Amino acid sequence: EVVIMHWACAKITASLGIPDATLLEILLDKLKLCKGISYAAVAAHADKNGRRKLAALLVEHEPRSSKQVPLLLSIGEEDIALMKATECGDTDLVYLVLFHIWQQRQPLEFFGTIQARQLARDLFITYARYVPLNHFSNGKTCIIKIQC
C-alpha cells in the first residue's frame with residue numbers, strides 16, 4: 001500500500017503535461033489494487049501540486065466520508081461536501097460543512113445553499129436556537145428569524 005501511494009504521488013508530480021482525465025485512469029488502474037488505499041491522501045497531493053480538478057476526481061473514489069468531506073472543503077467544493085455529509089448522515093460532518101460555508105458565504109447565499117438539504121437546515125436551526133445571536137455576526141449583516 002505504501003509503495004502504491006508513493007508511486008501515485010510521484011506520478012502526479014511528474015505528469016504535469018498529462019490531462020487530468022487521462023492521469024485519473026492511470027492512477028485508478030493501480031490504486032484499485034489496494035483495498036484500503038486512501039484516495040483522499042492522493043487527492044490532497046494532487047491539490048498541493050496544483051491539480052485541483054484531478055483532486056476532485058480522485059476524492060470521489062474515497063469510500064470514507066470522514067476523509068472525503070474535509071478534503072472537498074479544502075479544495076473549494078462546499079456544495080459537494082454538503083451533499084456527501086448529509087447523504088452519510090454524520091451530523092459532525094454536516095456541522096463541519098455548515099460552519100465552513102457560513103464563514104465563506106454571505107447569509108442569503110448560505111441559507112439558499114442549506115435550504116435544499118433538510119438535515120443541514122434542521123441542524124442549523126437547532127444550533128441557532130441555542131447559540132447567542134451575536135455568535136452569528138462575523139462581520140456580516142444578518143437577521144435570523146427561526147420559526148418553531
# chains A, B, ... in the order shown; residues from 1 in each chain; ligands from 1
>>> residues_around(residues="range 9-25 of chain A", least_positions_apart="6", cutoff="8 Å", atoms="only C-alpha atoms", output="ChimeraX atom specification")
/A:42,45-46,49,51,53-54,57-58
>>> closest_residue(among="A:His6, A:His61, A:Arg129, A:Lys67", to="Leu28 in chain A", atoms="only C-alpha atoms")
A:His61
>>> residues_around(residues="range 72-85 of chain A", least_positions_apart="6", cutoff="10 Å", atoms="only C-alpha atoms", output="PyMOL selection string")
chain A and resi 40+43-44+47-48+52-53+55-56+59-60+65-66+91-98+100-101+104+113-114+116-117+119-120
>>> atom_distance(atom1="CA of Leu108 in chain A", atom2="CA of Thr86 in chain A")
20.3 Å
>>> select_by_dssp(residues="range 11-110 of chain A", states="alpha helix (DSSP H)", output="ChimeraX atom specification")
/A:11-14,20-31,39-48,52-59,65-74,78-88,91-104,107-110
>>> atom_distance(atom1="CA of Met5 in chain A", atom2="CA of Lys32 in chain A")
11.2 Å
>>> atom_distance(atom1="CA of Leu123 in chain A", atom2="CA of Pro63 in chain A")
24.1 Å
>>> closest_residue(among="A:Phe110, A:Trp7, A:Tyr130, A:Tyr39", to="Arg64 in chain A", atoms="only C-alpha atoms")
A:Tyr39
>>> closest_residue(among="A:Asp29, A:Val2, A:Leu71, A:Phe99", to="Tyr127 in chain A", atoms="only C-alpha atoms")
A:Phe99
>>> closest_residue(among="A:Ala41, A:Lys35, A:Gly112, A:Thr126", to="Ala8 in chain A", atoms="only C-alpha atoms")
A:Ala41
>>> decode(residues="range 77-106 of chain A", atoms="C-alpha atoms", output="short mmCIF file (atom, residue, chain, number, x, y, z; two decimals), in the first residue's frame")
data_model
loop_
_atom_site.label_atom_id
_atom_site.label_comp_id
_atom_site.auth_asym_id
_atom_site.auth_seq_id
_atom_site.Cartn_x
_atom_site.Cartn_y
_atom_site.Cartn_z
CA GLU A 77 -16.15 22.09 -3.28
CA GLU A 78 -18.50 23.14 -0.48
CA ASP A 79 -21.73 22.15 -2.23
CA ILE A 80 -20.47 18.64 -2.94
CA ALA A 81 -19.14 18.39 0.63
CA LEU A 82 -22.57 19.32 1.99
CA MET A 83 -24.22 16.75 -0.24
CA LYS A 84 -21.80 14.00 0.86
CA ALA A 85 -22.10 14.93 4.55
CA THR A 86 -25.89 14.91 4.50
CA GLU A 87 -26.04 11.69 2.48
CA CYS A 88 -23.93 9.82 5.02
CA GLY A 89 -25.96 11.30 7.89
CA ASP A 90 -22.92 12.10 10.06
CA THR A 91 -24.03 15.18 12.00
CA ASP A 92 -20.45 16.09 12.92
CA LEU A 93 -19.54 16.25 9.24
CA VAL A 94 -22.67 18.24 8.45
CA TYR A 95 -21.79 20.77 11.17
CA LEU A 96 -18.22 20.96 9.86
CA VAL A 97 -19.54 21.85 6.41
CA LEU A 98 -22.17 24.25 7.75
CA PHE A 99 -19.65 26.25 9.77
CA HIS A 100 -17.22 26.29 6.88
CA ILE A 101 -19.86 27.55 4.45
CA TRP A 102 -21.06 30.13 7.00
CA GLN A 103 -17.54 31.58 7.08
CA GLN A 104 -17.21 31.58 3.28
CA ARG A 105 -20.54 32.92 2.04
CA GLN A 106 -22.93 35.77 2.57
#
